[in-house]
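> Hey, dropping run-v1.csv in here, CSV, N, CA and C atoms:
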chain,number,residue,atom,x,y,z
U,1244,MET,N,27.1,16.2,14.3
U,1244,MET,CA,26.8,15.5,13.0
U,1244,MET,C,25.3,15.2,12.9
U,1245,THR,N,24.7,15.6,11.8
U,1245,THR,CA,23.3,15.4,11.6
U,1245,THR,C,23.0,14.0,11.1
U,1246,LYS,N,22.1,13.4,11.7
U,1246,LYS,CA,21.6,12.0,11.2
U,1246,LYS,C,20.6,12.3,10.1
U,1247,GLN,N,20.7,11.5,9.0
U,1247,GLN,CA,19.8,11.6,7.9
U,1247,GLN,C,19.0,10.3,7.9
U,1248,LEU,N,17.7,10.4,7.7
U,1248,LEU,CA,16.8,9.3,7.6
U,1248,LEU,C,16.1,9.3,6.2
U,1249,PRO,N,16.8,8.8,5.2
U,1249,PRO,CA,16.4,9.0,3.9
U,1249,PRO,C,15.2,8.2,3.4
U,1250,VAL,N,14.8,7.1,4.1
U,1250,VAL,CA,13.7,6.3,3.6
U,1250,VAL,C,13.2,5.4,4.7
U,1251,ILE,N,11.9,5.1,4.6
U,1251,ILE,CA,11.3,4.1,5.4
U,1251,ILE,C,10.5,3.1,4.6
U,1252,ILE,N,10.6,1.8,4.9
U,1252,ILE,CA,10.0,0.8,4.1
U,1252,ILE,C,9.0,0.0,5.0
U,1253,PRO,N,7.7,0.2,4.8
U,1253,PRO,CA,6.8,-0.6,5.7
U,1253,PRO,C,6.8,-2.1,5.2
U,1254,VAL,N,6.6,-2.9,6.2
U,1254,VAL,CA,6.5,-4.4,6.0
U,1254,VAL,C,5.1,-4.8,6.3
U,1255,LEU,N,4.4,-5.3,5.3
U,1255,LEU,CA,3.0,-5.7,5.5
U,1255,LEU,C,2.9,-7.2,5.6
U,1256,PRO,N,2.1,-7.8,6.5
U,1256,PRO,CA,1.9,-9.2,6.6
U,1256,PRO,C,1.2,-9.7,5.4
U,1257,SER,N,1.5,-11.0,5.0
U,1257,SER,CA,0.9,-11.6,3.8
U,1257,SER,C,0.7,-13.1,4.1
U,1258,SER,N,-0.5,-13.6,3.7
U,1258,SER,CA,-0.8,-15.0,3.9
U,1258,SER,C,-0.4,-15.8,2.6
U,1259,ASP,N,-0.1,-15.1,1.5
U,1259,ASP,CA,0.2,-15.8,0.3
U,1259,ASP,C,1.0,-14.8,-0.6
U,1260,ILE,N,2.4,-14.9,-0.5
U,1260,ILE,CA,3.2,-13.9,-1.2
U,1260,ILE,C,3.0,-13.8,-2.7
U,1261,HIS,N,2.9,-14.9,-3.4
U,1261,HIS,CA,2.8,-14.9,-4.8
U,1261,HIS,C,1.4,-14.3,-5.2
U,1262,ARG,N,0.4,-14.7,-4.5
U,1262,ARG,CA,-0.9,-14.1,-4.8
U,1262,ARG,C,-0.9,-12.6,-4.6
U,1263,ASP,N,-0.3,-12.2,-3.5
U,1263,ASP,CA,-0.3,-10.8,-3.2
U,1263,ASP,C,0.6,-10.0,-4.2
U,1264,LEU,N,1.7,-10.6,-4.7
U,1264,LEU,CA,2.5,-9.9,-5.7
U,1264,LEU,C,1.7,-9.7,-7.0
U,1265,ASP,N,0.9,-10.7,-7.4
U,1265,ASP,CA,0.1,-10.6,-8.6
U,1265,ASP,C,-1.0,-9.5,-8.4
U,1266,TRP,N,-1.6,-9.5,-7.2
U,1266,TRP,CA,-2.7,-8.5,-6.9
U,1266,TRP,C,-2.1,-7.1,-6.9
U,1267,HIS,N,-1.0,-6.9,-6.3
U,1267,HIS,CA,-0.4,-5.5,-6.3
U,1267,HIS,C,0.0,-5.1,-7.7
U,1268,ASN,N,0.5,-6.0,-8.5
U,1268,ASN,CA,0.8,-5.7,-9.9
U,1268,ASN,C,-0.4,-5.2,-10.7
U,1269,GLU,N,-1.5,-5.9,-10.5
U,1269,GLU,CA,-2.7,-5.6,-11.2
U,1269,GLU,C,-3.5,-4.4,-10.6
U,1270,LYS,N,-3.6,-4.4,-9.3
U,1270,LYS,CA,-4.5,-3.4,-8.6
U,1270,LYS,C,-3.8,-2.2,-8.1
U,1271,THR,N,-2.5,-2.2,-7.9
U,1271,THR,CA,-1.9,-1.0,-7.4
U,1271,THR,C,-0.8,-0.4,-8.3
U,1272,GLY,N,-0.3,-1.2,-9.3
U,1272,GLY,CA,0.8,-0.8,-10.1
U,1272,GLY,C,2.2,-0.9,-9.5
U,1273,PHE,N,2.2,-1.5,-8.3
U,1273,PHE,CA,3.5,-1.8,-7.7
U,1273,PHE,C,4.1,-3.1,-8.4
U,1274,LYS,N,5.3,-3.1,-8.7
U,1274,LYS,CA,6.0,-4.2,-9.4
U,1274,LYS,C,6.9,-4.9,-8.5
U,1275,THR,N,7.1,-6.2,-8.7
U,1275,THR,CA,8.0,-7.0,-7.9
U,1275,THR,C,9.4,-6.6,-8.0
U,1276,LEU,N,10.1,-6.4,-6.9
U,1276,LEU,CA,11.5,-6.1,-6.8
U,1276,LEU,C,12.3,-7.4,-6.6
U,1277,PHE,N,11.8,-8.2,-5.7
U,1277,PHE,CA,12.5,-9.5,-5.4
U,1277,PHE,C,11.5,-10.4,-4.7
U,1278,VAL,N,11.7,-11.7,-4.7
U,1278,VAL,CA,10.9,-12.7,-4.0
U,1278,VAL,C,11.9,-13.7,-3.4
U,1279,HIS,N,11.9,-13.9,-2.2
U,1279,HIS,CA,12.8,-14.9,-1.5
U,1279,HIS,C,12.0,-15.7,-0.5
U,1280,ASP,N,11.6,-16.9,-0.8
U,1280,ASP,CA,10.9,-17.8,0.2
U,1280,ASP,C,9.6,-17.0,0.7
U,1281,MET,N,9.7,-16.5,1.9
U,1281,MET,CA,8.5,-15.9,2.5
U,1281,MET,C,8.7,-14.4,2.7
U,1282,TYR,N,9.4,-13.8,1.8
U,1282,TYR,CA,9.6,-12.3,1.9
U,1282,TYR,C,9.7,-11.8,0.5
U,1283,ALA,N,9.1,-10.6,0.3
U,1283,ALA,CA,9.2,-10.0,-1.1
U,1283,ALA,C,9.2,-8.5,-1.0
U,1284,GLY,N,9.6,-7.9,-2.0
U,1284,GLY,CA,9.6,-6.4,-2.1
U,1284,GLY,C,8.9,-6.0,-3.4
U,1285,ILE,N,8.1,-4.9,-3.3
U,1285,ILE,CA,7.5,-4.3,-4.4
U,1285,ILE,C,7.8,-2.8,-4.5
U,1286,ARG,N,7.7,-2.3,-5.7
U,1286,ARG,CA,8.1,-0.8,-5.9
U,1286,ARG,C,7.2,-0.2,-6.9
U,1287,ARG,N,7.0,1.1,-6.6
U,1287,ARG,CA,6.3,1.9,-7.6
U,1287,ARG,C,7.0,3.3,-7.5
U,1288,ASP,N,7.5,3.8,-8.5
U,1288,ASP,CA,8.2,5.1,-8.5
U,1288,ASP,C,9.3,5.0,-7.4
U,1289,ASN,N,9.3,5.9,-6.4
U,1289,ASN,CA,10.3,5.8,-5.4
U,1289,ASN,C,9.8,5.2,-4.1
U,1290,LEU,N,8.7,4.5,-4.2
U,1290,LEU,CA,8.1,3.9,-3.0
U,1290,LEU,C,8.3,2.4,-3.0
U,1291,THR,N,8.7,1.9,-1.8
U,1291,THR,CA,8.9,0.5,-1.7
U,1291,THR,C,8.1,-0.1,-0.5
U,1292,ILE,N,7.5,-1.2,-0.7
U,1292,ILE,CA,6.8,-1.9,0.4
U,1292,ILE,C,7.4,-3.4,0.4
U,1293,HIS,N,7.6,-3.9,1.6
U,1293,HIS,CA,8.0,-5.3,1.7
U,1293,HIS,C,6.8,-6.1,2.2
U,1294,LEU,N,6.7,-7.4,1.8
U,1294,LEU,CA,5.6,-8.3,2.2
U,1294,LEU,C,6.3,-9.4,2.9
U,1295,GLN,N,5.8,-9.8,4.1
U,1295,GLN,CA,6.3,-10.9,4.9
U,1295,GLN,C,5.2,-11.9,5.1
U,1296,TRP,N,5.5,-13.2,4.8
U,1296,TRP,CA,4.5,-14.2,5.0
U,1296,TRP,C,4.4,-14.6,6.4
U,1297,HIS,N,3.1,-14.8,6.8
U,1297,HIS,CA,2.7,-15.3,8.2
U,1297,HIS,C,1.7,-16.4,8.0
U,1298,ALA,N,1.7,-17.4,8.9
U,1298,ALA,CA,0.9,-18.5,8.8
U,1298,ALA,C,-0.5,-18.3,9.3
U,1299,ASP,N,-0.8,-17.2,9.9
U,1299,ASP,CA,-2.1,-16.9,10.5
U,1299,ASP,C,-2.5,-17.9,11.5
U,1300,THR,N,-1.6,-18.3,12.4
U,1300,THR,CA,-1.8,-19.2,13.5
U,1300,THR,C,-1.6,-18.5,14.8
U,1301,ASP,N,-1.9,-19.1,15.9
U,1301,ASP,CA,-1.6,-18.5,17.2
U,1301,ASP,C,-0.1,-18.2,17.4
U,1302,ASP,N,0.7,-19.1,16.9
U,1302,ASP,CA,2.2,-18.9,17.0
U,1302,ASP,C,2.7,-17.9,16.0
U,1303,ASP,N,2.1,-17.7,14.9
U,1303,ASP,CA,2.5,-16.8,13.9
U,1303,ASP,C,1.3,-16.0,13.3
U,1304,PRO,N,0.8,-15.1,14.0
U,1304,PRO,CA,-0.4,-14.4,13.5
U,1304,PRO,C,-0.2,-13.5,12.3
U,1305,LEU,N,-1.2,-13.4,11.5
U,1305,LEU,CA,-1.1,-12.6,10.3
U,1305,LEU,C,-1.1,-11.1,10.6
U,1306,LEU,N,-1.7,-10.8,11.7
U,1306,LEU,CA,-1.7,-9.4,12.2
U,1306,LEU,C,-2.3,-8.4,11.2
U,1307,GLY,N,-3.4,-8.9,10.5
U,1307,GLY,CA,-4.1,-8.0,9.6
U,1307,GLY,C,-4.5,-6.7,10.3
U,1308,GLY,N,-4.6,-5.7,9.6
U,1308,GLY,CA,-5.0,-4.4,10.1
U,1308,GLY,C,-3.9,-3.4,10.2
U,1309,SER,N,-2.8,-3.7,9.6
U,1309,SER,CA,-1.7,-2.7,9.4
U,1309,SER,C,-2.2,-1.6,8.5
U,1310,VAL,N,-1.7,-0.4,8.8
U,1310,VAL,CA,-2.1,0.8,8.0
U,1310,VAL,C,-0.9,1.5,7.5
U,1311,ILE,N,-0.8,1.9,6.2
U,1311,ILE,CA,0.2,2.8,5.7
U,1311,ILE,C,-0.5,3.9,5.0
U,1312,LYS,N,0.1,5.1,5.1
U,1312,LYS,CA,-0.4,6.3,4.4
U,1312,LYS,C,0.8,6.8,3.5
U,1313,ILE,N,0.5,6.9,2.3
U,1313,ILE,CA,1.5,7.3,1.3
U,1313,ILE,C,1.1,8.7,0.8
U,1314,PHE,N,1.9,9.7,1.1
U,1314,PHE,CA,1.6,11.1,0.7
U,1314,PHE,C,2.1,11.3,-0.7
U,1315,VAL,N,1.2,12.0,-1.5
U,1315,VAL,CA,1.4,12.2,-2.9
U,1315,VAL,C,1.1,13.7,-3.2
U,1316,GLU,N,1.5,14.1,-4.4
U,1316,GLU,CA,1.2,15.5,-4.8
U,1316,GLU,C,-0.1,15.6,-5.6
U,1317,ASN,N,-0.5,14.6,-6.3
U,1317,ASN,CA,-1.8,14.6,-7.1
U,1317,ASN,C,-2.6,13.4,-6.8
U,1318,VAL,N,-3.4,13.5,-5.8
U,1318,VAL,CA,-4.2,12.3,-5.4
U,1318,VAL,C,-5.3,12.0,-6.4
U,1319,GLN,N,-5.8,13.0,-7.1
U,1319,GLN,CA,-6.9,12.8,-8.0
U,1319,GLN,C,-6.4,11.9,-9.2
U,1320,GLN,N,-5.2,12.2,-9.7
U,1320,GLN,CA,-4.7,11.4,-10.8
U,1320,GLN,C,-4.5,9.9,-10.4
U,1321,LEU,N,-4.0,9.7,-9.2
U,1321,LEU,CA,-3.9,8.3,-8.7
U,1321,LEU,C,-5.3,7.7,-8.5
U,1322,PHE,N,-6.2,8.4,-7.9
U,1322,PHE,CA,-7.5,7.9,-7.6
U,1322,PHE,C,-8.2,7.5,-8.9
U,1323,ASP,N,-8.1,8.3,-10.0
U,1323,ASP,CA,-8.6,7.9,-11.3
U,1323,ASP,C,-8.0,6.6,-11.8
U,1324,GLU,N,-6.7,6.5,-11.6
U,1324,GLU,CA,-6.1,5.2,-12.1
U,1324,GLU,C,-6.6,4.0,-11.3
U,1325,PHE,N,-6.7,4.2,-10.0
U,1325,PHE,CA,-7.1,3.0,-9.1
U,1325,PHE,C,-8.6,2.7,-9.4
U,1326,VAL,N,-9.4,3.7,-9.7
U,1326,VAL,CA,-10.8,3.4,-10.1
U,1326,VAL,C,-10.8,2.5,-11.4
U,1327,GLN,N,-10.0,2.9,-12.4
U,1327,GLN,CA,-9.9,2.2,-13.6
U,1327,GLN,C,-9.4,0.8,-13.4
U,1328,ARG,N,-8.4,0.6,-12.4
U,1328,ARG,CA,-7.9,-0.8,-12.1
U,1328,ARG,C,-9.0,-1.6,-11.4
U,1329,GLY,N,-10.0,-1.0,-10.9
U,1329,GLY,CA,-11.0,-1.7,-10.2
U,1329,GLY,C,-10.6,-1.9,-8.7
U,1330,THR,N,-9.7,-1.1,-8.2
U,1330,THR,CA,-9.2,-1.3,-6.9
U,1330,THR,C,-10.1,-0.6,-5.9
U,1331,VAL,N,-10.6,0.6,-6.3
U,1331,VAL,CA,-11.6,1.4,-5.4
U,1331,VAL,C,-12.8,1.8,-6.3
U,1332,PRO,N,-13.9,1.9,-5.6
U,1332,PRO,CA,-15.1,2.5,-6.3
U,1332,PRO,C,-15.0,4.0,-6.5
U,1333,LYS,N,-15.8,4.5,-7.4
U,1333,LYS,CA,-15.8,6.0,-7.7
U,1333,LYS,C,-16.1,6.9,-6.6
U,1334,ASN,N,-16.8,6.4,-5.5
U,1334,ASN,CA,-17.2,7.2,-4.4
U,1334,ASN,C,-16.3,7.2,-3.2
U,1335,LYS,N,-15.1,6.8,-3.4
U,1335,LYS,CA,-14.2,6.6,-2.2
U,1335,LYS,C,-13.2,7.8,-2.0
U,1336,LEU,N,-13.1,8.7,-2.9
U,1336,LEU,CA,-12.2,9.9,-2.7
U,1336,LEU,C,-12.8,10.8,-1.7
U,1337,ARG,N,-12.1,11.1,-0.6
U,1337,ARG,CA,-12.5,12.0,0.4
U,1337,ARG,C,-11.8,13.3,0.3
U,1338,LEU,N,-12.5,14.4,0.0
U,1338,LEU,CA,-11.9,15.7,-0.2
U,1338,LEU,C,-12.1,16.5,1.1
U,1339,ASN,N,-11.1,17.3,1.4
U,1339,ASN,CA,-11.3,18.3,2.5
U,1339,ASN,C,-11.7,17.6,3.8
U,1340,THR,N,-10.9,16.6,4.2
U,1340,THR,CA,-11.2,15.9,5.5
U,1340,THR,C,-11.0,16.9,6.6
U,1341,PRO,N,-11.5,16.5,7.8
U,1341,PRO,CA,-11.3,17.4,9.0
U,1341,PRO,C,-9.9,17.5,9.4
U,1342,TRP,N,-9.0,16.6,8.9
U,1342,TRP,CA,-7.6,16.7,9.2
U,1342,TRP,C,-6.8,17.3,8.0
U,1343,ASN,N,-7.6,18.0,7.1
U,1343,ASN,CA,-7.0,18.8,6.1
U,1343,ASN,C,-6.2,18.0,5.0
U,1344,THR,N,-6.9,17.0,4.5
U,1344,THR,CA,-6.3,16.2,3.4
U,1344,THR,C,-7.4,15.8,2.4
U,1345,HIS,N,-6.9,15.4,1.2
U,1345,HIS,CA,-7.7,14.7,0.2
U,1345,HIS,C,-7.1,13.3,0.2
U,1346,GLU,N,-8.0,12.3,0.2
U,1346,GLU,CA,-7.4,10.9,0.3
U,1346,GLU,C,-8.4,9.8,-0.1
U,1347,PHE,N,-7.8,8.7,-0.4
U,1347,PHE,CA,-8.6,7.5,-0.6
U,1347,PHE,C,-7.8,6.3,-0.1
U,1348,GLY,N,-8.5,5.2,0.1
U,1348,GLY,CA,-7.8,4.0,0.6
U,1348,GLY,C,-8.5,2.8,0.2
U,1349,PHE,N,-7.8,1.7,0.5
U,1349,PHE,CA,-8.4,0.4,0.2
U,1349,PHE,C,-7.7,-0.7,1.0
U,1350,TYR,N,-8.2,-1.9,1.1
U,1350,TYR,CA,-7.6,-3.0,1.8
U,1350,TYR,C,-7.0,-4.0,0.8
U,1351,ASP,N,-5.9,-4.5,1.1
U,1351,ASP,CA,-5.3,-5.5,0.3
U,1351,ASP,C,-5.9,-6.9,0.7
U,1352,LEU,N,-5.4,-7.9,0.1
U,1352,LEU,CA,-6.0,-9.3,0.4
U,1352,LEU,C,-5.7,-9.8,1.8
U,1353,ASN,N,-4.9,-9.1,2.6
U,1353,ASN,CA,-4.6,-9.5,3.9
U,1353,ASN,C,-5.1,-8.5,4.9
U,1354,ASN,N,-6.1,-7.7,4.5
U,1354,ASN,CA,-6.7,-6.7,5.4
U,1354,ASN,C,-5.8,-5.6,5.8
U,1355,ASN,N,-4.7,-5.3,5.1
U,1355,ASN,CA,-3.9,-4.2,5.4
U,1355,ASN,C,-4.5,-3.0,4.7
U,1356,ALA,N,-4.6,-1.8,5.4
U,1356,ALA,CA,-5.2,-0.6,4.8
U,1356,ALA,C,-4.0,0.2,4.1
U,1357,ILE,N,-4.2,0.6,2.9
U,1357,ILE,CA,-3.3,1.4,2.2
U,1357,ILE,C,-4.0,2.7,1.7
U,1358,PHE,N,-3.5,3.8,2.2
U,1358,PHE,CA,-4.1,5.1,1.9
U,1358,PHE,C,-3.1,6.0,1.1
U,1359,PHE,N,-3.7,6.7,0.1
U,1359,PHE,CA,-2.9,7.7,-0.7
U,1359,PHE,C,-3.5,9.0,-0.2
U,1360,VAL,N,-2.6,10.0,0.2
U,1360,VAL,CA,-3.1,11.2,0.9
U,1360,VAL,C,-2.4,12.4,0.2
U,1361,GLN,N,-3.1,13.5,0.1
U,1361,GLN,CA,-2.6,14.7,-0.4
U,1361,GLN,C,-2.9,15.8,0.6
U,1362,ASP,N,-2.0,16.6,1.0
U,1362,ASP,CA,-2.3,17.7,1.9
U,1362,ASP,C,-3.2,18.7,1.2
U,1363,ALA,N,-4.3,19.1,1.9
U,1363,ALA,CA,-5.3,20.0,1.2
U,1363,ALA,C,-4.9,21.4,1.4
U,1364,GLY,N,-4.0,21.7,2.3
U,1364,GLY,CA,-3.7,23.1,2.6
U,1364,GLY,C,-2.6,23.6,1.8
Would it be possible to restate this file's structure as structure tokens?

Amino acid sequence: MTKQLPVIIPVLPSSDIHRDLDWHNEKTGFKTLFVHDMYAGIRRDNLTIHLQWHADTDDDPLLGGSVIKIFVENVQQLFDEFVQRGTVPKNKLRLNTPWNTHEFGFYDLNNNAIFFVQDAG
């Protein structure tokens, strides 16, 4: 029997769930799916990201520095949108990287890196 792995949902740390939901709505186009106490989900097209609140203390570190890469078919179109939203500056699109991609990325309000990537080959 073949196992199928149809989806993966990254969970990014957040120090302020409601602030981050507003930011994603404005800056990335992801819309709120649900909010429950210290956990939320956002979605854009068929992509889902969850946000989990952390106190950013020694007992509950924020763990900033998480990285996700979202592979897309037309990175230029998304890049243009994110420039218009003010999420990234016009000089952040990297074409023909040494690892054979076109990509851009940005940091959210919790220092999580989010990259949109297109295979260049």
> Quick check for you: according to DSSP on this backbone, which residues of segment 1256-1364 of chain U are classed as alpha helix (DSSP H)? Reply as a list in words.
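Output for segment 1256-1364 of chain U, alpha helix (DSSP H) only: Ile1260, His1261, Arg1262, Asp1263, Leu1264, Asp1265, Trp1266, His1267, Asn1268, Glu1269, Lys1270, Val1318, Gln1319, Gln1320, Leu1321, Phe1322, Asp1323, Glu1324, Phe1325, Val1326, Gln1327 and Arg1328 of chain U.
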> Could those residues be written to a file, using N, CA and C atoms, as a short mmCIF file (atom, residue, chain, number, x, y, z; two decimals), in the frame of the given file?

data_model
loop_
_atom_site.label_atom_id
_atom_site.label_comp_id
_atom_site.auth_asym_id
_atom_site.auth_seq_id
_atom_site.Cartn_x
_atom_site.Cartn_y
_atom_site.Cartn_z
N ILE U 1260 2.40 -14.90 -0.50
CA ILE U 1260 3.20 -13.90 -1.20
C ILE U 1260 3.00 -13.80 -2.70
N HIS U 1261 2.90 -14.90 -3.40
CA HIS U 1261 2.80 -14.90 -4.80
C HIS U 1261 1.40 -14.30 -5.20
N ARG U 1262 0.40 -14.70 -4.50
CA ARG U 1262 -0.90 -14.10 -4.80
C ARG U 1262 -0.90 -12.60 -4.60
N ASP U 1263 -0.30 -12.20 -3.50
CA ASP U 1263 -0.30 -10.80 -3.20
C ASP U 1263 0.60 -10.00 -4.20
N LEU U 1264 1.70 -10.60 -4.70
CA LEU U 1264 2.50 -9.90 -5.70
C LEU U 1264 1.70 -9.70 -7.00
N ASP U 1265 0.90 -10.70 -7.40
CA ASP U 1265 0.10 -10.60 -8.60
C ASP U 1265 -1.00 -9.50 -8.40
N TRP U 1266 -1.60 -9.50 -7.20
CA TRP U 1266 -2.70 -8.50 -6.90
C TRP U 1266 -2.10 -7.10 -6.90
N HIS U 1267 -1.00 -6.90 -6.30
CA HIS U 1267 -0.40 -5.50 -6.30
C HIS U 1267 0.00 -5.10 -7.70
N ASN U 1268 0.50 -6.00 -8.50
CA ASN U 1268 0.80 -5.70 -9.90
C ASN U 1268 -0.40 -5.20 -10.70
N GLU U 1269 -1.50 -5.90 -10.50
CA GLU U 1269 -2.70 -5.60 -11.20
C GLU U 1269 -3.50 -4.40 -10.60
N LYS U 1270 -3.60 -4.40 -9.30
CA LYS U 1270 -4.50 -3.40 -8.60
C LYS U 1270 -3.80 -2.20 -8.10
N VAL U 1318 -3.40 13.50 -5.80
CA VAL U 1318 -4.20 12.30 -5.40
C VAL U 1318 -5.30 12.00 -6.40
N GLN U 1319 -5.80 13.00 -7.10
CA GLN U 1319 -6.90 12.80 -8.00
C GLN U 1319 -6.40 11.90 -9.20
N GLN U 1320 -5.20 12.20 -9.70
CA GLN U 1320 -4.70 11.40 -10.80
C GLN U 1320 -4.50 9.90 -10.40
N LEU U 1321 -4.00 9.70 -9.20
CA LEU U 1321 -3.90 8.30 -8.70
C LEU U 1321 -5.30 7.70 -8.50
N PHE U 1322 -6.20 8.40 -7.90
CA PHE U 1322 -7.50 7.90 -7.60
C PHE U 1322 -8.20 7.50 -8.90
N ASP U 1323 -8.10 8.30 -10.00
CA ASP U 1323 -8.60 7.90 -11.30
C ASP U 1323 -8.00 6.60 -11.80
N GLU U 1324 -6.70 6.50 -11.60
CA GLU U 1324 -6.10 5.20 -12.10
C GLU U 1324 -6.60 4.00 -11.30
N PHE U 1325 -6.70 4.20 -10.00
CA PHE U 1325 -7.10 3.00 -9.10
C PHE U 1325 -8.60 2.70 -9.40
N VAL U 1326 -9.40 3.70 -9.70
CA VAL U 1326 -10.80 3.40 -10.10
C VAL U 1326 -10.80 2.50 -11.40
N GLN U 1327 -10.00 2.90 -12.40
CA GLN U 1327 -9.90 2.20 -13.60
C GLN U 1327 -9.40 0.80 -13.40
N ARG U 1328 -8.40 0.60 -12.40
CA ARG U 1328 -7.90 -0.80 -12.10
C ARG U 1328 -9.00 -1.60 -11.40
#
> Compare U:Thr1271, U:Asp1303, U:Ile1313, U:Arg1287 by their minimum atom-to-atom distance to Thr1330 of chain U, counting only C-alpha atoms, and give me the closest one.
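Selected residue with least distance to Thr1330 of chain U: U:Thr1271.
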> For atom CA of Gly1284 of chain U and atom CA of Ile1311 of chain U, quote the distance in Å rounded to one decimal.
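Separation between atom CA of Gly1284 of chain U and atom CA of Ile1311 of chain U: 15.3 Å.
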> Could you tell me how far atom C of Phe1349 of chain U sits from atom C of Gln1327 of chain U, in Å to one decimal place?
14.6 Å
> Under the rule that all atoms listed in the file are counted, which of U:Asp1263, U:Val1318, U:Val1250, U:Glu1269 is the nearest residue to Asp1351 of chain U?
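Of all the options, U:Asp1263 lies closest to Asp1351 of chain U.
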> Taking the DSSP secondary structure from the backbone, can you list the residues of chain U that are strand (DSSP E), as number ranges by chain?
U: 1254-1257, 1274-1279, 1282-1287, 1290-1296, 1310-1314, 1344-1350, 1356-1362
> Which one of U:Lys1312, U:Lys1335, U:Lys1270, U:His1297 sits closest to Pro1256 of chain U if you count all atoms listed in the file?
U:His1297
> Neighbours of Val1360 of chain U within 6 Å (only N, CA and C atoms; same-chain residues fewer than 2 positions away dropped), as a short mmCIF file (atom, residue, chain, number, x, y, z; two decimals) with N, CA and C atoms, keeping the file's coordinate frame?

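As a result, around15.cif now contains:
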data_model
loop_
_atom_site.label_atom_id
_atom_site.label_comp_id
_atom_site.auth_asym_id
_atom_site.auth_seq_id
_atom_site.Cartn_x
_atom_site.Cartn_y
_atom_site.Cartn_z
N LYS U 1312 0.10 5.10 5.10
CA LYS U 1312 -0.40 6.30 4.40
C LYS U 1312 0.80 6.80 3.50
N ILE U 1313 0.50 6.90 2.30
CA ILE U 1313 1.50 7.30 1.30
C ILE U 1313 1.10 8.70 0.80
N PHE U 1314 1.90 9.70 1.10
CA PHE U 1314 1.60 11.10 0.70
C PHE U 1314 2.10 11.30 -0.70
N VAL U 1315 1.20 12.00 -1.50
CA VAL U 1315 1.40 12.20 -2.90
C VAL U 1315 1.10 13.70 -3.20
N VAL U 1318 -3.40 13.50 -5.80
CA VAL U 1318 -4.20 12.30 -5.40
C VAL U 1318 -5.30 12.00 -6.40
N HIS U 1345 -6.90 15.40 1.20
CA HIS U 1345 -7.70 14.70 0.20
C HIS U 1345 -7.10 13.30 0.20
N GLU U 1346 -8.00 12.30 0.20
CA GLU U 1346 -7.40 10.90 0.30
C GLU U 1346 -8.40 9.80 -0.10
N PHE U 1347 -7.80 8.70 -0.40
CA PHE U 1347 -8.60 7.50 -0.60
C PHE U 1347 -7.80 6.30 -0.10
N PHE U 1358 -3.50 3.80 2.20
CA PHE U 1358 -4.10 5.10 1.90
C PHE U 1358 -3.10 6.00 1.10
N ASP U 1362 -2.00 16.60 1.00
CA ASP U 1362 -2.30 17.70 1.90
C ASP U 1362 -3.20 18.70 1.20
#
> Could you tell me how far atom CA of Leu1338 of chain U sits from atom N of Gln1320 of chain U, in Å to one decimal place?
12.1 Å
> Do you know which residues are at most 7 Å from Ile1260 of chain U counting only N, CA and C atoms, after dropping those on the same chain fewer than 2 positions away, and could you put them as a PyMOL selection string?
chain U and resi 1257-1258+1262-1265+1281-1283+1294-1296
> May I have the selected residues written with N, CA and C atoms, as a PDB file, keeping the file's coordinate frame?

ATOM      1  N   SER U1257       1.500 -11.000   5.000  1.00  0.00           N
ATOM      2  CA  SER U1257       0.900 -11.600   3.800  1.00  0.00           C
ATOM      3  C   SER U1257       0.700 -13.100   4.100  1.00  0.00           C
ATOM      4  N   SER U1258      -0.500 -13.600   3.700  1.00  0.00           N
ATOM      5  CA  SER U1258      -0.800 -15.000   3.900  1.00  0.00           C
ATOM      6  C   SER U1258      -0.400 -15.800   2.600  1.00  0.00           C
ATOM      7  N   ARG U1262       0.400 -14.700  -4.500  1.00  0.00           N
ATOM      8  CA  ARG U1262      -0.900 -14.100  -4.800  1.00  0.00           C
ATOM      9  C   ARG U1262      -0.900 -12.600  -4.600  1.00  0.00           C
ATOM     10  N   ASP U1263      -0.300 -12.200  -3.500  1.00  0.00           N
ATOM     11  CA  ASP U1263      -0.300 -10.800  -3.200  1.00  0.00           C
ATOM     12  C   ASP U1263       0.600 -10.000  -4.200  1.00  0.00           C
ATOM     13  N   LEU U1264       1.700 -10.600  -4.700  1.00  0.00           N
ATOM     14  CA  LEU U1264       2.500  -9.900  -5.700  1.00  0.00           C
ATOM     15  C   LEU U1264       1.700  -9.700  -7.000  1.00  0.00           C
ATOM     16  N   ASP U1265       0.900 -10.700  -7.400  1.00  0.00           N
ATOM     17  CA  ASP U1265       0.100 -10.600  -8.600  1.00  0.00           C
ATOM     18  C   ASP U1265      -1.000  -9.500  -8.400  1.00  0.00           C
ATOM     19  N   MET U1281       9.700 -16.500   1.900  1.00  0.00           N
ATOM     20  CA  MET U1281       8.500 -15.900   2.500  1.00  0.00           C
ATOM     21  C   MET U1281       8.700 -14.400   2.700  1.00  0.00           C
ATOM     22  N   TYR U1282       9.400 -13.800   1.800  1.00  0.00           N
ATOM     23  CA  TYR U1282       9.600 -12.300   1.900  1.00  0.00           C
ATOM     24  C   TYR U1282       9.700 -11.800   0.500  1.00  0.00           C
ATOM     25  N   ALA U1283       9.100 -10.600   0.300  1.00  0.00           N
ATOM     26  CA  ALA U1283       9.200 -10.000  -1.100  1.00  0.00           C
ATOM     27  C   ALA U1283       9.200  -8.500  -1.000  1.00  0.00           C
ATOM     28  N   LEU U1294       6.700  -7.400   1.800  1.00  0.00           N
ATOM     29  CA  LEU U1294       5.600  -8.300   2.200  1.00  0.00           C
ATOM     30  C   LEU U1294       6.300  -9.400   2.900  1.00  0.00           C
ATOM     31  N   GLN U1295       5.800  -9.800   4.100  1.00  0.00           N
ATOM     32  CA  GLN U1295       6.300 -10.900   4.900  1.00  0.00           C
ATOM     33  C   GLN U1295       5.200 -11.900   5.100  1.00  0.00           C
ATOM     34  N   TRP U1296       5.500 -13.200   4.800  1.00  0.00           N
ATOM     35  CA  TRP U1296       4.500 -14.200   5.000  1.00  0.00           C
ATOM     36  C   TRP U1296       4.400 -14.600   6.400  1.00  0.00           C
TER      37      TRP U1296
END
> Return the single residue from U:Asp1259, U:Asp1280, U:Asp1323, U:Glu1316 that is closest to Ala1298 of chain U, with distances computed using only N, CA and C atoms.
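When distances to Ala1298 of chain U are compared using only N, CA and C atoms, the smallest one comes from U:Asp1259.
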